[in-house]
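Heads up: the structure comes next, in structure tokens.
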Amino acid sequence: MRPDGDTLRDLLAAGLLAPSAENKHDLRFEIASDHVGLVPTDRASWGAAPHREMLTLMSFGAVVENIALQSAQHGLVLVPELRLAAREGAVASLRWREQVDAAVDPLAEAIPRRHTNRRFYARTPVDAATLAALARAAGEAAGGSVHWLAAPDERRRALHAIRLAETERFKRRALHAELFGAVRFEAGWQRTLPEWLAPATLEVEPPARPMFSAMRHWGAMRAAAWVGAPAMLGLRAGYLPCALAPHLGAVLAQGDDDAAAAFAAGRAFQRLWLAAAAAGLALQPMAAATALARQHAGGDWVSAPVQQELRRLLATLGPAGGTARPYMLFRLGRARAPSAVAGRRPLDDYLGGGAASSSAAPP
């Protein structure tokens, strides 16, 4: 079955509050008579940029987790049917069944409060019981888990991977274009946007803003590379915020099917993030290391030596003897509220299905 009217709109709108790479949901909800199809709109880029496939499928996992949590609020159970290997059409068909005693998860209340916080975090550690509760929340997503990078050697390797990846993003032309292409400088340093990243969300210190703005031009970045600008920017963008944060973690997923594992990791990561928001904690995903490890190396993308080192480092992050792979690194702690939070485009921008979509509109 499929809910109608305001109920369906509420469920899909909750899905859009999930995180997405570059604050841009590349999806369409295809509304049919008995289900809703979750259709990727950037599939054409996946062959040349496999990291985008991973990040999109993680985002889809988070979207589905939000919808599942919100569905229980309406006495509904979401039953997603996955077709992640499909070459066209939907990668998931969303169906529901009524269940009067559907288990309502308190994480649903945190959906609108979940935001990326790029501020520096207080050094005070979060208590062990809270960390364990966050890991349990993530682990309720089948196939996904959270591993805290608490051992000094493991934390050091994670920090090295984060710094290496962030530096590479400023050093390589295609990575630089992808990074700065997502930042809409026309919004200024005060406003937010419904899509992409407004500079105000990046928490760049006022004295550094002119230099950061200049570095969006590849010519300026190449010239500044002579004085080590990529390394300095990588230090500020990744290493320092993570080194000073009280906790680093990795979202892991099991399985040989990379698409299914990415989807499961997305559901687990969303549950972790919602649990953190409910506990009043700040979180920032650090996606560069796992994304660059999956790119096609060479050319203007990640260099082969850097990619090999990232893969080596990532393979060492996780429980001893475990087979799960890391799909996302993140930092966690306490911080003031972000200066600005990213918005979302209206639900209607994502609806498809011809005449069938009219049934999703309120009467």
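Residues are referred to by chain and number: the chain letter is A, B, ... according to the order shown in the structure tokens, the number counts from 1 in that chain, and ligands are numbered separately from 1 in the order shown.
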
Note to self: When DSSP is applied to the backbone of this structure, which of region 141-222 of chain A are assigned strand (DSSP E or B)? Write them out as an NGL selection string.
What the structure shows: :A and (144-148 or 183 or 197)

Margin query: Residues within 8 Å of region 60-63 of chain A, please, as a list in words. Count only C-alpha atoms; anything in the same chain fewer than 5 positions from it doesn't count.
Written below: Ala14, Gly15, Leu16, Leu17, Ala18, Pro19, Ala262, Phe263, Ala264, Ala265, Gly266, Arg267, Ala268, Phe269 and Gln270 of chain A

Checklist line | Which of A:Arg157, A:Arg334, A:Arg216, A:Arg172 sits closest to Thr124 (chain A) [using only C-alpha atoms] | finding: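 Nearest to Thr124 (chain A): A:Arg334.
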
Checklist line | Separation of CA of Leu235 (chain A) from CA of His160 (chain A), in Å and rounded to one decimal | finding: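 Separating CA of Leu235 (chain A) from CA of His160 (chain A) is a distance of 10.3 Å.
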
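Ranking A:Leu317, A:Leu272, A:Ala289, A:Ala108 by their shortest atom-to-atom distance to Glu140 (chain A), with only C-alpha atoms included, puts A:Leu272 first.
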
Next item on the list: Name the residues of region 81-251 of chain A that come out as helix (DSSP H, G or I) in a backbone DSSP run; write them as a VMD selection string.
Entry: chain A and resid 106 to 113 128 to 139 152 to 171 173 to 181 185 to 187 199 to 202 206 to 214 218 to 227 229 to 244

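Nearest residue to Glu109 (chain A) among A:Ala49, A:Leu310, A:Leu149, A:Ala279 is A:Ala279, counting only C-alpha atoms.
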
Tell me, counting only C-alpha atoms, for each residue of region 172-212 of chain A within 12 Å of region 218-229 of chain A, which pair of atoms is nearest and how far apart they are in Å to one decimal, in rows ordered by chain and increasing number, as CSV.
```
residue,atom,partner,partner_atom,distance
A:Arg172,CA,A:Arg222,CA,9.4
A:Arg173,CA,A:Trp218,CA,7.1
A:Ala174,CA,A:Trp218,CA,9.8
A:Leu175,CA,A:Trp218,CA,10.7
A:His176,CA,A:Trp218,CA,7.5
A:Ala177,CA,A:Trp218,CA,7.9
A:Glu178,CA,A:Trp218,CA,11.5
A:Leu179,CA,A:Trp218,CA,11.4
A:Phe180,CA,A:Trp218,CA,9.7
A:Gly181,CA,A:Trp218,CA,11.4
A:Met211,CA,A:Ala220,CA,9.6
A:Phe212,CA,A:Met221,CA,9.8
```

Selected residues written out with N, CA, C and O atoms, as a PDB file, in the first residue's frame:
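As a result, result-v9.pdb now contains:
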```pdb
ATOM      1  N   ARG A 172      44.439  18.746  -6.414  1.00  0.00           N
ATOM      2  CA  ARG A 172      44.137  18.169  -7.717  1.00  0.00           C
ATOM      3  C   ARG A 172      42.986  18.927  -8.366  1.00  0.00           C
ATOM      4  O   ARG A 172      41.981  19.228  -7.722  1.00  0.00           O
ATOM      5  N   ARG A 173      43.129  19.224  -9.653  1.00  0.00           N
ATOM      6  CA  ARG A 173      42.218  20.158 -10.303  1.00  0.00           C
ATOM      7  C   ARG A 173      40.760  19.692 -10.283  1.00  0.00           C
ATOM      8  O   ARG A 173      39.856  20.480  -9.983  1.00  0.00           O
ATOM      9  N   ALA A 174      40.494  18.433 -10.621  1.00  0.00           N
ATOM     10  CA  ALA A 174      39.109  17.964 -10.654  1.00  0.00           C
ATOM     11  C   ALA A 174      38.511  17.927  -9.253  1.00  0.00           C
ATOM     12  O   ALA A 174      37.327  18.253  -9.065  1.00  0.00           O
ATOM     13  N   LEU A 175      39.315  17.557  -8.267  1.00  0.00           N
ATOM     14  CA  LEU A 175      38.828  17.546  -6.885  1.00  0.00           C
ATOM     15  C   LEU A 175      38.555  18.965  -6.407  1.00  0.00           C
ATOM     16  O   LEU A 175      37.577  19.228  -5.711  1.00  0.00           O
ATOM     17  N   HIS A 176      39.434  19.876  -6.784  1.00  0.00           N
ATOM     18  CA  HIS A 176      39.244  21.290  -6.438  1.00  0.00           C
ATOM     19  C   HIS A 176      37.949  21.819  -7.050  1.00  0.00           C
ATOM     20  O   HIS A 176      37.160  22.513  -6.382  1.00  0.00           O
ATOM     21  N   ALA A 177      37.708  21.481  -8.328  1.00  0.00           N
ATOM     22  CA  ALA A 177      36.488  21.950  -8.995  1.00  0.00           C
ATOM     23  C   ALA A 177      35.249  21.362  -8.329  1.00  0.00           C
ATOM     24  O   ALA A 177      34.234  22.055  -8.166  1.00  0.00           O
ATOM     25  N   GLU A 178      35.310  20.089  -7.945  1.00  0.00           N
ATOM     26  CA  GLU A 178      34.177  19.463  -7.275  1.00  0.00           C
ATOM     27  C   GLU A 178      33.928  20.105  -5.917  1.00  0.00           C
ATOM     28  O   GLU A 178      32.778  20.366  -5.534  1.00  0.00           O
ATOM     29  N   LEU A 179      34.995  20.373  -5.191  1.00  0.00           N
ATOM     30  CA  LEU A 179      34.880  20.969  -3.854  1.00  0.00           C
ATOM     31  C   LEU A 179      34.282  22.369  -3.919  1.00  0.00           C
ATOM     32  O   LEU A 179      33.270  22.659  -3.277  1.00  0.00           O
ATOM     33  N   PHE A 180      34.890  23.241  -4.700  1.00  0.00           N
ATOM     34  CA  PHE A 180      34.431  24.631  -4.726  1.00  0.00           C
ATOM     35  C   PHE A 180      33.188  24.805  -5.581  1.00  0.00           C
ATOM     36  O   PHE A 180      32.453  25.789  -5.418  1.00  0.00           O
ATOM     37  N   GLY A 181      32.913  23.846  -6.483  1.00  0.00           N
ATOM     38  CA  GLY A 181      31.681  23.928  -7.254  1.00  0.00           C
ATOM     39  C   GLY A 181      30.439  23.792  -6.408  1.00  0.00           C
ATOM     40  O   GLY A 181      29.356  24.219  -6.803  1.00  0.00           O
ATOM     41  N   MET A 211      40.994  34.910   1.668  1.00  0.00           N
ATOM     42  CA  MET A 211      41.887  33.916   1.078  1.00  0.00           C
ATOM     43  C   MET A 211      41.107  32.699   0.606  1.00  0.00           C
ATOM     44  O   MET A 211      41.327  32.183  -0.489  1.00  0.00           O
ATOM     45  N   PHE A 212      40.153  32.249   1.434  1.00  0.00           N
ATOM     46  CA  PHE A 212      39.362  31.086   1.054  1.00  0.00           C
ATOM     47  C   PHE A 212      38.571  31.370  -0.218  1.00  0.00           C
ATOM     48  O   PHE A 212      38.496  30.521  -1.118  1.00  0.00           O
TER      49      PHE A 212
END
```

Notebook entry, point to check: Contacts of Ala133 (chain A) at 12 Å or less, counting only C-alpha atoms, minus same-chain residues fewer than 3 places along, as a PyMOL selection string?
Noted result: chain A and resi 126-130+136-140+146+271-276+278-279

Would you mind exporting the chosen residues as a tab-separated table (two decimals), in the first residue's frame, restricted to N, CA and C atoms?
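Below is the file result-v6.tsv, written as the result:
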```
chain	number	residue	atom	x	y	z
A	126	VAL	N	32.71	12.89	25.77
A	126	VAL	CA	31.35	12.45	26.03
A	126	VAL	C	31.45	11.17	26.86
A	127	ASP	N	30.53	11.01	27.82
A	127	ASP	CA	30.61	9.84	28.70
A	127	ASP	C	30.42	8.55	27.92
A	128	ALA	N	31.01	7.49	28.45
A	128	ALA	CA	31.04	6.19	27.77
A	128	ALA	C	29.64	5.64	27.55
A	129	ALA	N	28.72	5.87	28.49
A	129	ALA	CA	27.36	5.34	28.34
A	129	ALA	C	26.67	5.97	27.13
A	130	THR	N	26.88	7.27	26.91
A	130	THR	CA	26.27	7.94	25.76
A	130	THR	C	26.87	7.42	24.46
A	136	ARG	N	24.73	1.73	19.70
A	136	ARG	CA	23.58	0.80	19.64
A	136	ARG	C	22.52	1.30	18.68
A	137	ALA	N	22.27	2.60	18.70
A	137	ALA	CA	21.28	3.16	17.79
A	137	ALA	C	21.68	2.91	16.34
A	138	ALA	N	22.95	3.12	16.01
A	138	ALA	CA	23.42	2.88	14.65
A	138	ALA	C	23.33	1.41	14.30
A	139	GLY	N	23.66	0.55	15.25
A	139	GLY	CA	23.67	-0.88	15.01
A	139	GLY	C	22.32	-1.49	14.76
A	140	GLU	N	21.25	-0.75	15.02
A	140	GLU	CA	19.91	-1.27	14.74
A	140	GLU	C	19.58	-1.26	13.26
A	146	VAL	N	28.90	1.24	14.11
A	146	VAL	CA	29.81	2.35	14.39
A	146	VAL	C	30.98	1.82	15.21
A	271	ARG	N	21.01	7.02	11.77
A	271	ARG	CA	20.57	6.70	13.13
A	271	ARG	C	21.57	7.23	14.17
A	272	LEU	N	22.85	7.07	13.88
A	272	LEU	CA	23.87	7.63	14.77
A	272	LEU	C	23.69	9.14	14.90
A	273	TRP	N	23.53	9.82	13.77
A	273	TRP	CA	23.47	11.28	13.75
A	273	TRP	C	22.22	11.77	14.47
A	274	LEU	N	21.10	11.10	14.27
A	274	LEU	CA	19.88	11.48	14.97
A	274	LEU	C	20.02	11.27	16.47
A	275	ALA	N	20.65	10.16	16.87
A	275	ALA	CA	20.87	9.91	18.29
A	275	ALA	C	21.78	10.98	18.89
A	276	ALA	N	22.79	11.40	18.12
A	276	ALA	CA	23.67	12.47	18.59
A	276	ALA	C	22.91	13.78	18.73
A	278	ALA	N	19.71	14.13	19.27
A	278	ALA	CA	18.81	13.99	20.42
A	278	ALA	C	19.54	14.17	21.73
A	279	ALA	N	20.83	13.82	21.76
A	279	ALA	CA	21.64	13.96	22.97
A	279	ALA	C	22.30	15.33	23.07
```

Checklist line | Interatomic distance, CA of Gly318 (chain A) to CA of Leu233 (chain A) (Å, one decimal) | finding: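 Spanning CA of Gly318 (chain A) to CA of Leu233 (chain A) is a straight-line distance of 27.6 Å.
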
Check: Using only C-alpha atoms, which residue out of A:Val79, A:Ala250, A:Ala259, A:Ala337 lies closest to Val91 (chain A)?
Finding: A:Ala259

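Using only C-alpha atoms, the nearest neighbour of Leu55 (chain A) within the list A:Arg9, A:Arg155, A:Arg118, A:Arg294 is A:Arg294.
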
Note to self: At a cut-off of 12 Å, using only C-alpha atoms, what residues contact Asp256 (chain A)? Leave out same-chain residues fewer than 5 positions from it and give the result as number ranges by chain.
What the structure shows: A: 143, 261-262, 323-325

Output all heavy atoms for every residue in that selection, as a CSV table (one decimal), in the first residue's frame.
```
chain,number,residue,atom,x,y,z
A,143,GLY,N,23.2,-4.5,9.0
A,143,GLY,CA,24.4,-4.5,8.2
A,143,GLY,C,25.4,-3.3,8.5
A,143,GLY,O,26.5,-3.3,8.0
A,261,ALA,N,26.1,-2.4,0.8
A,261,ALA,CA,26.8,-2.0,2.0
A,261,ALA,C,26.7,-0.5,2.2
A,261,ALA,O,26.5,0.0,3.3
A,261,ALA,CB,28.2,-2.4,2.0
A,262,ALA,N,26.8,0.3,1.1
A,262,ALA,CA,26.7,1.8,1.2
A,262,ALA,C,25.4,2.2,1.7
A,262,ALA,O,25.2,3.1,2.5
A,262,ALA,CB,27.1,2.4,-0.1
A,323,THR,N,35.4,-7.9,9.4
A,323,THR,CA,35.3,-7.8,8.0
A,323,THR,C,34.6,-6.6,7.4
A,323,THR,O,34.5,-6.4,6.2
A,323,THR,CB,34.7,-9.1,7.4
A,323,THR,OG1,33.4,-9.2,7.9
A,323,THR,CG2,35.5,-10.3,7.8
A,324,ALA,N,34.0,-5.8,8.3
A,324,ALA,CA,33.2,-4.7,7.9
A,324,ALA,C,34.2,-3.6,7.4
A,324,ALA,O,35.3,-3.5,7.9
A,324,ALA,CB,32.3,-4.1,9.0
A,325,ARG,N,33.7,-2.8,6.4
A,325,ARG,CA,34.6,-1.8,5.8
A,325,ARG,C,34.1,-0.4,6.2
A,325,ARG,O,32.8,-0.2,6.3
A,325,ARG,CB,34.6,-1.9,4.3
A,325,ARG,CG,35.3,-3.1,3.8
A,325,ARG,CD,35.0,-3.3,2.3
A,325,ARG,NE,33.6,-3.7,2.0
A,325,ARG,CZ,33.0,-3.6,0.9
A,325,ARG,NH1,33.6,-3.1,-0.2
A,325,ARG,NH2,31.7,-4.0,0.7
```

Item checked: Among listed residues A:Val341, A:Met328, A:Ala122, A:Ala320, nearest Ala253 (chain A) (using only C-alpha atoms) -> A:Met328

Note to self: Need to verify the contact set: Pro50 (chain A), 12 Å, only C-alpha atoms, exclusion of same-chain residues closer than 2 positions in sequence. Can you return it as a list in words?
What the structure shows: Asp42, Arg43, Ala44, Ser45, Trp46, Gly47, Ala48, Arg52, Glu53, Met54, Leu55, Thr56, Leu57, Asp258, Ala259, Ala262, Thr290, Ala291, Leu292, Ala293, Arg294, Gln295, His296, Ala297 and Trp301 of chain A

Only C-alpha atoms, please: the residues just picked out, written as a PDB file, in the first residue's frame.
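As written to disk, result.pdb reads:
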```pdb
ATOM      1  CA  ASP A  42      22.700  11.498 -11.315  1.00  0.00           C
ATOM      2  CA  ARG A  43      23.186   7.847 -12.289  1.00  0.00           C
ATOM      3  CA  ALA A  44      24.933   8.901 -15.520  1.00  0.00           C
ATOM      4  CA  SER A  45      27.883  10.198 -13.481  1.00  0.00           C
ATOM      5  CA  TRP A  46      28.449   7.014 -11.504  1.00  0.00           C
ATOM      6  CA  GLY A  47      30.594   5.205 -14.061  1.00  0.00           C
ATOM      7  CA  ALA A  48      33.150   7.999 -14.243  1.00  0.00           C
ATOM      8  CA  ARG A  52      29.403   9.700  -6.204  1.00  0.00           C
ATOM      9  CA  GLU A  53      27.515   6.427  -6.414  1.00  0.00           C
ATOM     10  CA  MET A  54      28.685   5.499  -2.911  1.00  0.00           C
ATOM     11  CA  LEU A  55      27.738   8.880  -1.445  1.00  0.00           C
ATOM     12  CA  THR A  56      24.367   8.907  -3.225  1.00  0.00           C
ATOM     13  CA  LEU A  57      23.471   5.424  -2.001  1.00  0.00           C
ATOM     14  CA  ASP A 258      29.360  -2.399  -2.237  1.00  0.00           C
ATOM     15  CA  ALA A 259      26.033  -0.806  -3.204  1.00  0.00           C
ATOM     16  CA  ALA A 262      26.742   1.758   1.208  1.00  0.00           C
ATOM     17  CA  THR A 290      36.397   7.038   1.903  1.00  0.00           C
ATOM     18  CA  ALA A 291      35.271   8.886  -1.238  1.00  0.00           C
ATOM     19  CA  LEU A 292      38.773   9.298  -2.677  1.00  0.00           C
ATOM     20  CA  ALA A 293      39.518   5.647  -1.936  1.00  0.00           C
ATOM     21  CA  ARG A 294      36.769   4.728  -4.435  1.00  0.00           C
ATOM     22  CA  GLN A 295      37.561   7.127  -7.265  1.00  0.00           C
ATOM     23  CA  HIS A 296      39.214   6.282 -10.556  1.00  0.00           C
ATOM     24  CA  ALA A 297      42.738   7.427  -9.739  1.00  0.00           C
ATOM     25  CA  TRP A 301      41.501  13.189  -9.732  1.00  0.00           C
TER      26      TRP A 301
END
```

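Using only C-alpha atoms, the protein and nucleic acid residues lying no more than 10 Å from Asp105 (chain A), apart from those fewer than 6 places from it along its own chain, are Ala68, Leu69, Gln70, Ala72 and Gln73 of chain A.
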
Residues from last step as file, N, CA, C and O atoms, as a PDB file, in the first residue's frame:
```pdb
ATOM      1  N   ALA A  68      11.227   5.727   7.312  1.00  0.00           N
ATOM      2  CA  ALA A  68      10.804   4.624   8.176  1.00  0.00           C
ATOM      3  C   ALA A  68      10.479   5.122   9.577  1.00  0.00           C
ATOM      4  O   ALA A  68       9.467   4.728  10.177  1.00  0.00           O
ATOM      5  N   LEU A  69      11.327   5.996  10.119  1.00  0.00           N
ATOM      6  CA  LEU A  69      11.084   6.535  11.458  1.00  0.00           C
ATOM      7  C   LEU A  69       9.800   7.354  11.498  1.00  0.00           C
ATOM      8  O   LEU A  69       8.998   7.242  12.433  1.00  0.00           O
ATOM      9  N   GLN A  70       9.591   8.178  10.475  1.00  0.00           N
ATOM     10  CA  GLN A  70       8.397   9.028  10.438  1.00  0.00           C
ATOM     11  C   GLN A  70       7.141   8.200  10.190  1.00  0.00           C
ATOM     12  O   GLN A  70       6.062   8.543  10.678  1.00  0.00           O
ATOM     13  N   ALA A  72       6.360   5.280  11.361  1.00  0.00           N
ATOM     14  CA  ALA A  72       5.857   4.713  12.617  1.00  0.00           C
ATOM     15  C   ALA A  72       5.022   5.724  13.388  1.00  0.00           C
ATOM     16  O   ALA A  72       4.106   5.342  14.122  1.00  0.00           O
ATOM     17  N   GLN A  73       5.296   7.004  13.204  1.00  0.00           N
ATOM     18  CA  GLN A  73       4.508   8.046  13.856  1.00  0.00           C
ATOM     19  C   GLN A  73       3.055   8.027  13.373  1.00  0.00           C
ATOM     20  O   GLN A  73       2.168   8.528  14.057  1.00  0.00           O
TER      21      GLN A  73
END
```

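Using only C-alpha atoms, the contacts of Pro40 (chain A) at a cut-off of 7 Å, with sequence neighbours closer than 6 positions omitted, comprise Asp26, Leu27, Arg28 and Ala90 of chain A.
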